[in-house]
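Chemist: start_33.pdb is reproduced below (PDB, N, CA and C atoms).
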ATOM      1  N   TRP A   1     -11.584  26.851 -20.909
ATOM      2  CA  TRP A   1     -11.447  26.461 -19.519
ATOM      3  C   TRP A   1     -10.817  25.085 -19.390
ATOM      4  N   VAL A   2     -11.089  24.209 -20.310
ATOM      5  CA  VAL A   2     -10.504  22.861 -20.298
ATOM      6  C   VAL A   2      -8.978  22.944 -20.396
ATOM      7  N   ILE A   3      -8.505  23.768 -21.306
ATOM      8  CA  ILE A   3      -7.057  23.914 -21.486
ATOM      9  C   ILE A   3      -6.422  24.433 -20.203
ATOM     10  N   ASP A   4      -7.040  25.429 -19.599
ATOM     11  CA  ASP A   4      -6.502  26.000 -18.356
ATOM     12  C   ASP A   4      -6.417  24.965 -17.243
ATOM     13  N   VAL A   5      -7.460  24.172 -17.094
ATOM     14  CA  VAL A   5      -7.488  23.157 -16.040
ATOM     15  C   VAL A   5      -6.390  22.119 -16.247
ATOM     16  N   VAL A   6      -6.259  21.619 -17.463
ATOM     17  CA  VAL A   6      -5.254  20.588 -17.747
ATOM     18  C   VAL A   6      -3.846  21.158 -17.562
ATOM     19  N   CYS A   7      -3.606  22.360 -18.086
ATOM     20  CA  CYS A   7      -2.278  22.975 -17.941
ATOM     21  C   CYS A   7      -1.929  23.183 -16.468
ATOM     22  N   LYS A   8      -2.865  23.717 -15.723
ATOM     23  CA  LYS A   8      -2.619  23.967 -14.303
ATOM     24  C   LYS A   8      -2.377  22.661 -13.549
ATOM     25  N   HIS A   9      -3.158  21.647 -13.840
ATOM     26  CA  HIS A   9      -3.034  20.359 -13.158
ATOM     27  C   HIS A   9      -1.638  19.764 -13.336
ATOM     28  N   PHE A  10      -1.106  19.858 -14.544
ATOM     29  CA  PHE A  10       0.201  19.273 -14.837
ATOM     30  C   PHE A  10       1.346  20.284 -14.714
ATOM     31  N   ASN A  11       1.001  21.516 -14.310
ATOM     32  CA  ASN A  11       1.994  22.575 -14.128
ATOM     33  C   ASN A  11       2.809  22.821 -15.402
ATOM     34  N   LYS A  12       2.100  22.915 -16.517
ATOM     35  CA  LYS A  12       2.706  23.184 -17.819
ATOM     36  C   LYS A  12       1.959  24.333 -18.484
ATOM     37  N   THR A  13       2.636  25.030 -19.382
ATOM     38  CA  THR A  13       1.966  26.067 -20.154
ATOM     39  C   THR A  13       1.434  25.451 -21.447
ATOM     40  N   ILE A  14       0.503  26.136 -22.063
ATOM     41  CA  ILE A  14      -0.029  25.644 -23.326
ATOM     42  C   ILE A  14       1.075  25.622 -24.382
ATOM     43  N   ASP A  15       2.016  26.559 -24.298
ATOM     44  CA  ASP A  15       3.131  26.569 -25.251
ATOM     45  C   ASP A  15       3.980  25.311 -25.116
ATOM     46  N   GLN A  16       4.225  24.884 -23.884
ATOM     47  CA  GLN A  16       5.006  23.661 -23.677
ATOM     48  C   GLN A  16       4.279  22.453 -24.260
ATOM     49  N   ILE A  17       2.980  22.396 -24.038
ATOM     50  CA  ILE A  17       2.191  21.256 -24.495
ATOM     51  C   ILE A  17       2.047  21.263 -26.019
ATOM     52  N   ALA A  18       1.894  22.434 -26.593
ATOM     53  CA  ALA A  18       1.625  22.544 -28.032
ATOM     54  C   ALA A  18       2.864  22.360 -28.899
ATOM     55  N   LYS A  19       4.049  22.557 -28.344
ATOM     56  CA  LYS A  19       5.260  22.407 -29.153
ATOM     57  C   LYS A  19       5.426  20.970 -29.602
ATOM     58  N   LYS A  20       6.304  20.762 -30.546
ATOM     59  CA  LYS A  20       6.487  19.438 -31.134
ATOM     60  C   LYS A  20       7.341  18.512 -30.287
ATOM     61  N   TYR A  21       7.500  18.826 -29.014
ATOM     62  CA  TYR A  21       8.272  17.944 -28.146
ATOM     63  C   TYR A  21       7.641  16.566 -28.128
ATOM     64  N   ARG A  22       8.480  15.554 -28.123
ATOM     65  CA  ARG A  22       7.962  14.189 -28.092
ATOM     66  C   ARG A  22       8.347  13.466 -26.815
ATOM     67  N   SER A  23       8.676  14.236 -25.783
ATOM     68  CA  SER A  23       8.971  13.579 -24.512
ATOM     69  C   SER A  23       7.695  12.869 -24.063
ATOM     70  N   ARG A  24       7.869  11.726 -23.460
ATOM     71  CA  ARG A  24       6.723  10.911 -23.045
ATOM     72  C   ARG A  24       5.747  11.713 -22.190
ATOM     73  N   GLU A  25       6.300  12.503 -21.261
ATOM     74  CA  GLU A  25       5.459  13.304 -20.368
ATOM     75  C   GLU A  25       4.563  14.254 -21.153
ATOM     76  N   LEU A  26       5.147  14.998 -22.073
ATOM     77  CA  LEU A  26       4.360  15.973 -22.826
ATOM     78  C   LEU A  26       3.386  15.311 -23.789
ATOM     79  N   VAL A  27       3.765  14.183 -24.342
ATOM     80  CA  VAL A  27       2.847  13.459 -25.233
ATOM     81  C   VAL A  27       1.609  13.013 -24.462
ATOM     82  N   ILE A  28       1.817  12.464 -23.281
ATOM     83  CA  ILE A  28       0.676  12.011 -22.466
ATOM     84  C   ILE A  28      -0.213  13.195 -22.072
ATOM     85  N   ILE A  29       0.398  14.294 -21.662
ATOM     86  CA  ILE A  29      -0.387  15.479 -21.285
ATOM     87  C   ILE A  29      -1.184  15.975 -22.490
ATOM     88  N   ARG A  30      -0.553  16.004 -23.653
ATOM     89  CA  ARG A  30      -1.249  16.419 -24.873
ATOM     90  C   ARG A  30      -2.420  15.483 -25.161
ATOM     91  N   GLN A  31      -2.235  14.179 -24.933
ATOM     92  CA  GLN A  31      -3.316  13.222 -25.153
ATOM     93  C   GLN A  31      -4.475  13.460 -24.182
ATOM     94  N   TYR A  32      -4.149  13.748 -22.928
ATOM     95  CA  TYR A  32      -5.205  14.107 -21.967
ATOM     96  C   TYR A  32      -5.957  15.337 -22.470
ATOM     97  N   LEU A  33      -5.210  16.317 -22.929
ATOM     98  CA  LEU A  33      -5.837  17.553 -23.388
ATOM     99  C   LEU A  33      -6.760  17.291 -24.573
ATOM    100  N   PHE A  34      -6.308  16.518 -25.542
ATOM    101  CA  PHE A  34      -7.174  16.167 -26.676
ATOM    102  C   PHE A  34      -8.432  15.455 -26.193
ATOM    103  N   TYR A  35      -8.252  14.519 -25.266
ATOM    104  CA  TYR A  35      -9.370  13.735 -24.726
ATOM    105  C   TYR A  35     -10.424  14.653 -24.102
ATOM    106  N   PHE A  36      -9.963  15.574 -23.260
ATOM    107  CA  PHE A  36     -10.920  16.440 -22.563
ATOM    108  C   PHE A  36     -11.502  17.515 -23.476
ATOM    109  N   LEU A  37     -10.755  17.999 -24.440
ATOM    110  CA  LEU A  37     -11.323  18.940 -25.407
ATOM    111  C   LEU A  37     -12.423  18.263 -26.214
ATOM    112  N   PHE A  38     -12.190  17.040 -26.606
ATOM    113  CA  PHE A  38     -13.201  16.306 -27.370
ATOM    114  C   PHE A  38     -14.422  16.003 -26.498
ATOM    115  N   LYS A  39     -14.181  15.676 -25.244
ATOM    116  CA  LYS A  39     -15.272  15.310 -24.339
ATOM    117  C   LYS A  39     -16.122  16.511 -23.935
ATOM    118  N   TYR A  40     -15.481  17.648 -23.664
ATOM    119  CA  TYR A  40     -16.193  18.770 -23.053
ATOM    120  C   TYR A  40     -16.473  19.945 -23.976
ATOM    121  N   THR A  41     -16.004  19.900 -25.200
ATOM    122  CA  THR A  41     -16.326  20.987 -26.121
ATOM    123  C   THR A  41     -17.052  20.382 -27.320
ATOM    124  N   GLU A  42     -17.506  21.236 -28.169
ATOM    125  CA  GLU A  42     -18.178  20.760 -29.376
ATOM    126  C   GLU A  42     -17.220  20.708 -30.558
ATOM    127  N   MET A  43     -15.932  20.767 -30.243
ATOM    128  CA  MET A  43     -14.928  20.712 -31.302
ATOM    129  C   MET A  43     -14.806  19.291 -31.842
ATOM    130  N   ASN A  44     -14.602  19.193 -33.150
ATOM    131  CA  ASN A  44     -14.362  17.870 -33.730
ATOM    132  C   ASN A  44     -12.857  17.596 -33.738
ATOM    133  N   LYS A  45     -12.488  16.417 -34.167
ATOM    134  CA  LYS A  45     -11.075  16.015 -34.138
ATOM    135  C   LYS A  45     -10.205  16.915 -35.015
ATOM    136  N   SER A  46     -10.719  17.318 -36.145
ATOM    137  CA  SER A  46      -9.956  18.196 -37.037
ATOM    138  C   SER A  46      -9.710  19.560 -36.403
ATOM    139  N   GLN A  47     -10.710  20.094 -35.728
ATOM    140  CA  GLN A  47     -10.561  21.393 -35.072
ATOM    141  C   GLN A  47      -9.560  21.324 -33.918
ATOM    142  N   ILE A  48      -9.638  20.248 -33.150
ATOM    143  CA  ILE A  48      -8.692  20.074 -32.044
ATOM    144  C   ILE A  48      -7.277  19.944 -32.606
ATOM    145  N   GLY A  49      -7.121  19.126 -33.628
ATOM    146  CA  GLY A  49      -5.818  18.957 -34.247
ATOM    147  C   GLY A  49      -5.264  20.268 -34.779
ATOM    148  N   ALA A  50      -6.104  21.063 -35.412
ATOM    149  CA  ALA A  50      -5.669  22.341 -35.981
ATOM    150  C   ALA A  50      -5.135  23.289 -34.906
ATOM    151  N   MET A  51      -5.699  23.223 -33.713
ATOM    152  CA  MET A  51      -5.220  24.072 -32.614
ATOM    153  C   MET A  51      -3.760  23.795 -32.273
ATOM    154  N   PHE A  52      -3.326  22.571 -32.519
ATOM    155  CA  PHE A  52      -1.994  22.131 -32.123
ATOM    156  C   PHE A  52      -1.125  21.743 -33.329
ATOM    157  N   ASN A  53      -1.550  22.164 -34.510
ATOM    158  CA  ASN A  53      -0.841  21.802 -35.748
ATOM    159  C   ASN A  53      -0.674  20.292 -35.887
ATOM    160  N   LYS A  54      -1.723  19.585 -35.557
ATOM    161  CA  LYS A  54      -1.737  18.123 -35.657
ATOM    162  C   LYS A  54      -2.863  17.713 -36.602
ATOM    163  N   ASP A  55      -2.711  16.564 -37.184
ATOM    164  CA  ASP A  55      -3.728  15.998 -38.055
ATOM    165  C   ASP A  55      -4.844  15.397 -37.200
ATOM    166  N   HIS A  56      -6.052  15.290 -37.764
ATOM    167  CA  HIS A  56      -7.158  14.704 -37.006
ATOM    168  C   HIS A  56      -6.870  13.249 -36.632
ATOM    169  N   THR A  57      -6.034  12.574 -37.429
ATOM    170  CA  THR A  57      -5.718  11.180 -37.096
ATOM    171  C   THR A  57      -4.854  11.085 -35.837
ATOM    172  N   THR A  58      -4.054  12.115 -35.586
ATOM    173  CA  THR A  58      -3.270  12.169 -34.347
ATOM    174  C   THR A  58      -4.208  12.294 -33.156
ATOM    175  N   VAL A  59      -5.225  13.118 -33.299
ATOM    176  CA  VAL A  59      -6.214  13.283 -32.232
ATOM    177  C   VAL A  59      -6.962  11.969 -32.024
ATOM    178  N   LEU A  60      -7.356  11.329 -33.102
ATOM    179  CA  LEU A  60      -8.045  10.045 -33.014
ATOM    180  C   LEU A  60      -7.176   9.017 -32.290
ATOM    181  N   TYR A  61      -5.912   8.937 -32.649
ATOM    182  CA  TYR A  61      -4.976   8.026 -31.986
ATOM    183  C   TYR A  61      -4.889   8.338 -30.489
ATOM    184  N   SER A  62      -4.828   9.619 -30.152
ATOM    185  CA  SER A  62      -4.750  10.032 -28.748
ATOM    186  C   SER A  62      -5.993   9.604 -27.972
ATOM    187  N   LEU A  63      -7.145   9.798 -28.559
ATOM    188  CA  LEU A  63      -8.396   9.415 -27.895
ATOM    189  C   LEU A  63      -8.432   7.904 -27.646
ATOM    190  N   ARG A  64      -8.039   7.153 -28.641
ATOM    191  CA  ARG A  64      -8.021   5.690 -28.489
ATOM    192  C   ARG A  64      -6.989   5.256 -27.453
ATOM    193  N   SER A  65      -5.842   5.914 -27.457
ATOM    194  CA  SER A  65      -4.792   5.585 -26.479
ATOM    195  C   SER A  65      -5.270   5.807 -25.058
ATOM    196  N   ILE A  66      -5.876   6.956 -24.826
ATOM    197  CA  ILE A  66      -6.374   7.259 -23.480
ATOM    198  C   ILE A  66      -7.414   6.227 -23.066
ATOM    199  N   GLU A  67      -8.342   5.920 -23.947
ATOM    200  CA  GLU A  67      -9.385   4.942 -23.617
ATOM    201  C   GLU A  67      -8.787   3.572 -23.306
ATOM    202  N   ASN A  68      -7.796   3.157 -24.069
ATOM    203  CA  ASN A  68      -7.183   1.850 -23.836
ATOM    204  C   ASN A  68      -6.310   1.841 -22.578
ATOM    205  N   LEU A  69      -5.518   2.860 -22.406
ATOM    206  CA  LEU A  69      -4.600   2.905 -21.264
ATOM    207  C   LEU A  69      -5.323   3.027 -19.927
ATOM    208  N   ARG A  70      -6.440   3.735 -19.921
ATOM    209  CA  ARG A  70      -7.163   3.903 -18.657
ATOM    210  C   ARG A  70      -7.742   2.573 -18.159
ATOM    211  N   LYS A  71      -7.958   1.636 -19.061
ATOM    212  CA  LYS A  71      -8.447   0.311 -18.672
ATOM    213  C   LYS A  71      -7.346  -0.542 -18.048
ATOM    214  N   VAL A  72      -6.100  -0.260 -18.431
ATOM    215  CA  VAL A  72      -4.960  -1.069 -18.014
ATOM    216  C   VAL A  72      -4.263  -0.479 -16.783
ATOM    217  N   TYR A  73      -4.215   0.848 -16.719
ATOM    218  CA  TYR A  73      -3.470   1.516 -15.652
ATOM    219  C   TYR A  73      -4.415   2.263 -14.712
ATOM    220  N   PRO A  74      -4.589   1.748 -13.504
ATOM    221  CA  PRO A  74      -5.498   2.395 -12.553
ATOM    222  C   PRO A  74      -5.106   3.846 -12.247
ATOM    223  N   GLU A  75      -3.801   4.139 -12.250
ATOM    224  CA  GLU A  75      -3.377   5.508 -11.953
ATOM    225  C   GLU A  75      -3.826   6.477 -13.046
ATOM    226  N   MET A  76      -3.919   5.997 -14.269
ATOM    227  CA  MET A  76      -4.401   6.844 -15.351
ATOM    228  C   MET A  76      -5.906   7.088 -15.205
ATOM    229  N   GLU A  77      -6.618   6.059 -14.820
ATOM    230  CA  GLU A  77      -8.058   6.210 -14.575
ATOM    231  C   GLU A  77      -8.291   7.220 -13.451
ATOM    232  N   MET A  78      -7.474   7.151 -12.403
ATOM    233  CA  MET A  78      -7.591   8.115 -11.300
ATOM    234  C   MET A  78      -7.301   9.529 -11.783
ATOM    235  N   GLU A  79      -6.288   9.693 -12.591
ATOM    236  CA  GLU A  79      -5.931  11.003 -13.139
ATOM    237  C   GLU A  79      -7.092  11.579 -13.947
ATOM    238  N   ILE A  80      -7.726  10.737 -14.738
ATOM    239  CA  ILE A  80      -8.871  11.175 -15.538
ATOM    240  C   ILE A  80     -10.015  11.606 -14.633
ATOM    241  N   GLN A  81     -10.275  10.853 -13.583
ATOM    242  CA  GLN A  81     -11.345  11.211 -12.650
ATOM    243  C   GLN A  81     -11.051  12.536 -11.949
ATOM    244  N   ILE A  82      -9.798  12.733 -11.554
ATOM    245  CA  ILE A  82      -9.408  13.991 -10.907
ATOM    246  C   ILE A  82      -9.618  15.165 -11.860
ATOM    247  N   LEU A  83      -9.161  15.003 -13.093
ATOM    248  CA  LEU A  83      -9.323  16.067 -14.079
ATOM    249  C   LEU A  83     -10.799  16.294 -14.405
ATOM    250  N   ASP A  84     -11.560  15.227 -14.517
ATOM    251  CA  ASP A  84     -13.006  15.353 -14.739
ATOM    252  C   ASP A  84     -13.638  16.223 -13.640
ATOM    253  N   ASN A  85     -13.295  15.916 -12.400
ATOM    254  CA  ASN A  85     -13.832  16.666 -11.254
ATOM    255  C   ASN A  85     -13.433  18.141 -11.321
ATOM    256  N   LYS A  86     -12.179  18.399 -11.660
ATOM    257  CA  LYS A  86     -11.714  19.787 -11.747
ATOM    258  C   LYS A  86     -12.420  20.534 -12.865
ATOM    259  N   ILE A  87     -12.587  19.883 -13.984
ATOM    260  CA  ILE A  87     -13.244  20.539 -15.123
ATOM    261  C   ILE A  87     -14.718  20.803 -14.808
ATOM    262  N   ASN A  88     -15.341  19.905 -14.101
ATOM    263  CA  ASN A  88     -16.767  20.055 -13.778
ATOM    264  C   ASN A  88     -17.055  20.948 -12.585
ATOM    265  N   SER A  89     -16.029  21.352 -11.851
ATOM    266  CA  SER A  89     -16.306  22.182 -10.653
ATOM    267  C   SER A  89     -16.262  23.645 -10.981
TER
END
Would you write the structure of this file as structure tokens?
Modeler:
Amino acid sequence: WVIDVVCKHFNKTIDQIAKKYRSRELVIIRQYLFYFLFKYTEMNKSQIGAMFNKDHTTVLYSLRSIENLRKVYPEMEMEIQILDNKINS
């Protein structure tokens, strides 16, 4: 359900997000997805990474990035709150 909510929110498919594209937009969306999968599921970093053919260190980097960026950019904090609300409803 987390994947569905994030994909729908950003109007992207899981295939678009999971591909090796490195466009800034898709990287950020992928980081949000890692963040919420880690927060709302019992999956560990290695399991999340395996879903996307990524190493657990990539997931760790994504989690740290989201945590740091949300402190600096209010719009990112708002985006997280919106997604939190959608996932919890």
Chemist: Show which residues sit within 7 Å of Ser46 in chain A, as an MDAnalysis selection string. Count only N, CA and C atoms, and ignore same-chain residues fewer than 3 positions away.
Modeler: chainID A and resid 43 49:51 55:57
Chemist: Those residues you just picked out, can you put them in a file as a compact mmCIF listing (two decimals), in the coordinates of the input with N, CA and C atoms?
Modeler:
# COMPACT_ATOMS: atom_id res chain seq x y z
N MET A 43 -15.93 20.77 -30.24
CA MET A 43 -14.93 20.71 -31.30
C MET A 43 -14.81 19.29 -31.84
N GLY A 49 -7.12 19.13 -33.63
CA GLY A 49 -5.82 18.96 -34.25
C GLY A 49 -5.26 20.27 -34.78
N ALA A 50 -6.10 21.06 -35.41
CA ALA A 50 -5.67 22.34 -35.98
C ALA A 50 -5.14 23.29 -34.91
N MET A 51 -5.70 23.22 -33.71
CA MET A 51 -5.22 24.07 -32.61
C MET A 51 -3.76 23.80 -32.27
N ASP A 55 -2.71 16.56 -37.18
CA ASP A 55 -3.73 16.00 -38.06
C ASP A 55 -4.84 15.40 -37.20
N HIS A 56 -6.05 15.29 -37.76
CA HIS A 56 -7.16 14.70 -37.01
C HIS A 56 -6.87 13.25 -36.63
N THR A 57 -6.03 12.57 -37.43
CA THR A 57 -5.72 11.18 -37.10
C THR A 57 -4.85 11.08 -35.84
Chemist: Between A:Tyr40, A:Tyr73, A:Phe34, A:Phe10, which has the minimum distance to Leu60 in chain A (counting only C-alpha atoms)?
Modeler: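 Checking each candidate against Leu60 in chain A, we get A:Phe34 as the closest.
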Chemist: Using DSSP on the backbone coordinates, identify the residues of range 4-81 of chain A assigned to helix (DSSP H, G or I); present them as a VMD selection string.
Modeler: chain A and resid 4 to 10 14 to 18 24 to 40 45 to 51 56 to 72 74 to 81
Chemist: Show me, as a list in words, the residues that have an atom within 8 Å of Phe36 in chain A when counting only N, CA and C atoms, minus same-chain residues fewer than 6 positions from it.
Modeler: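 The residues that qualify are Val2, Ile3, Arg30 and Leu63 of chain A.
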Chemist: How would the residues just picked look written out with N, CA and C atoms as a PDB file, in the frame of the given file?
Modeler:
ATOM      1  N   VAL A   2     -11.089  24.209 -20.310  1.00  0.00           N
ATOM      2  CA  VAL A   2     -10.504  22.861 -20.298  1.00  0.00           C
ATOM      3  C   VAL A   2      -8.978  22.944 -20.396  1.00  0.00           C
ATOM      4  N   ILE A   3      -8.505  23.768 -21.306  1.00  0.00           N
ATOM      5  CA  ILE A   3      -7.057  23.914 -21.486  1.00  0.00           C
ATOM      6  C   ILE A   3      -6.422  24.433 -20.203  1.00  0.00           C
ATOM      7  N   ARG A  30      -0.553  16.004 -23.653  1.00  0.00           N
ATOM      8  CA  ARG A  30      -1.249  16.419 -24.873  1.00  0.00           C
ATOM      9  C   ARG A  30      -2.420  15.483 -25.161  1.00  0.00           C
ATOM     10  N   LEU A  63      -7.145   9.798 -28.559  1.00  0.00           N
ATOM     11  CA  LEU A  63      -8.396   9.415 -27.895  1.00  0.00           C
ATOM     12  C   LEU A  63      -8.432   7.904 -27.646  1.00  0.00           C
TER      13      LEU A  63
END
Chemist: Taking (-5.7, 19.5, -13.1) in the file's coordinates as the center, which residues reach within 6.5 Å of it, counting only N, CA and C atoms, put as a ChimeraX atom specification?
Modeler: /A:5-10,82-83,86
Chemist: What is the CA of Gln31 in chain A to atom C of Gln16 in chain A distance in Å?
Modeler: 12.0 Å
Chemist: One number please: atom C of Thr41 in chain A to atom N of Ser23 in chain A, in Å, one decimal.
Modeler: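 Between these atoms lies a distance of 26.5 Å.
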Chemist: If I wrap all listed atoms of range 28-37 of chain A in a box with edges along x, y and z and add 4 Å on each side, what are its centre and edge lengths in Å to one decimal, as AutoDock Vina command-line options?
Modeler:
--center_x -5.3 --center_y 15.5 --center_z -24.0 --size_x 22.2 --size_y 14.9 --size_z 13.4
Chemist: In Å, rounded to a single decimal, give me how far atom C of Asp84 in chain A is from atom N of Val27 in chain A.
Modeler: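 Those two atoms sit 20.5 Å apart.
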Chemist: Tell me, as a ChimeraX atom specification, which residues lie within 8 Å of Tyr32 in chain A, counting only C-alpha atoms; anything in the same chain fewer than 6 positions away does not count.
Modeler: /A:6,62,66,80
